[in-house]
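Enquirer: Structure provided below as structure tokens; questions to follow.
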Amino acid sequence: MSRPPSFTPPPGARAYPLRTARGEFAVVDSPAGDGVEPKGVALLLPGFTGSKEDFNPLHEAFGARGYRTVAVDGRGQYETDGPADDESPYTQDELALDVLALAETVGAPVHLLGHSFGGHIARAAVLLDPTPFVSLTLMSSGPAEISASQQQRVKLLRDALAVMSMAEVWDAIQAMDAPEETETGGALDEGLDDRADLRRRWLGTKPAQLLATGRQLCVEPDRVAELAAVPLPVHVLSGSRDDTWPVPLLDDMAVRLKARRTVIARAEHSPNTDQPAATAQAIADFWDSTAP
């Protein structure tokens with residue numbers, strides 16, 4: 001599967017710190033395309049150990065469809081600051097409040113998209129207050145906790161962070177992982193190739209953020225019934241193979257939500273980088289369908 005080689009924002013996009021009522025967040029902000037009638041704004045949340053750059057392959061396609069897209073590093077994630085040792089600012093409710101502040105700043109109402117762990121945070125934000133949002137897309141993000149195999153990976157990471165520095169953990173991951181996993185940082189955030197950039201992202205992320213969010217992934221309850229009660233259009237999108245949440249589990253979640261369901265062929269946990277053209281088209285088609 002193809003992988004983009006760089007963290008460089010696509011043409012026309014701008015990377016900068018976005019100031020909100022809850023602090024500054026590093027974003028990649030990509031406008032609607034020249035000569036295209038603007039249709040709306042979308043806020044894009046990355047997954048565990050990921051970053052705003054995971055969405056770089058999608059921005060131009062979204063812009064061509066008339067959408068401004070703002071991809072964000074969450075609190076303590078890569079280029080957004082946060083405490084290194086205090087886990088309390090990284091509770092799910094705190095991160096969800098950050099999303100509400102971001103939506104207000106970029107100009108609600110917005111389309112909200114969360115990848116993997118970002119989907120859980122997006123869901124939590126909608127459950128706190130759905131009014132800033134036009135729609136919700138859950139990309140490779142399941143109904144509850146991650147699979148047993150991924151829980152074991154998270155536990156190994158948490159154990160390592162208890163006794164090693166971030167740099168030492170990075171080196172250990174590179175030594176232990178299979179080559180295809182080493183290139184992407186593992187199944188939870190697969191998608192980007194440039195080793196130096198991946199290392200820089202890893203070292204920029206705060207240990208407390210990884211510990212807190214990793215724990216959340218392992219204990220997240222099933223909140224599908226709560227979300228189904230919210231009158232908001234929902235889209236469940238995934239690759240045709242996923243080791244973090246099995247595809248049949250995502251199929252069932254979509255049924256329970258009465259959501260649009262898209263499966264991207266020849267994609268795995270990161271369809272945004274495995275098959276960006278098909279992924280962008282499916283998401284923009286869904287956004288278009290929510291127009292009055």
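Identifiers for the structure tokens are assigned positionally: chains receive A, B, ... in sequence, residues are indexed from 1 per chain, and ligands are indexed from 1 in the order shown.
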Can I get the residues of range 115-210 of chain A within 6 Å of range 85-102 of chain A, each with the closest pair of atoms and their distance in Å to one decimal, using only C-alpha atoms, sorted chain first then ascending number, as a tab-separated table?
Expert:
```
residue	atom	partner	partner_atom	distance
A:Ile121	CA	A:Ala96	CA	5.6
A:Ala124	CA	A:Ala96	CA	5.7
A:Ala125	CA	A:Ala96	CA	4.4
A:Ala208	CA	A:Asp85	CA	5.0
A:Gln209	CA	A:Tyr90	CA	6.0
```
Enquirer: How would you write, as an MDAnalysis selection string, the set of residues in range 48-216 of chain A that DSSP gives as strand (DSSP E or B)?
Expert: chainID A and resid 67:72 110:115 133:139
Enquirer: Using only C-alpha atoms, can you tell me which of A:Asn56, A:Ser165, A:Thr49, A:Ser147 comes closest to Ala15 in chain A?
Expert: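 Selected residue with least distance to Ala15 in chain A: A:Asn56.
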Enquirer: Choose the residue, out of A:Val224, A:Ala160, A:Val230, A:Ala277, that has the smallest atom-to-atom separation from Phe55 in chain A; count only C-alpha atoms.
Expert: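 For Phe55 in chain A, the nearest of the candidates is A:Ala277.
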Enquirer: Residues at most 6 Å from range 76-80 of chain A, counting only C-alpha atoms, excluding those fewer than 3 positions away in the same chain, as a ChimeraX atom specification?
Expert: /A:25-26,73,201,204-206,209
Enquirer: Excluding same-chain residues fewer than 6 positions from range 34-45 of chain A, what lies within 8 Å of it counting only C-alpha atoms, as a list in words?
Expert: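 Residues near the query, excluding close chain neighbours: Lys52, Phe55, Ala64, Arg65, Gly66, Tyr67, Arg68, Thr69, Val70, Ala71, Val72, Asp73, Gly74, Ala103, Val106, Gly107, Ala108, Pro109, Val110, His111, Leu112, Leu113, Gly114, His115, Gly118, Gly119 and Ala122 of chain A.
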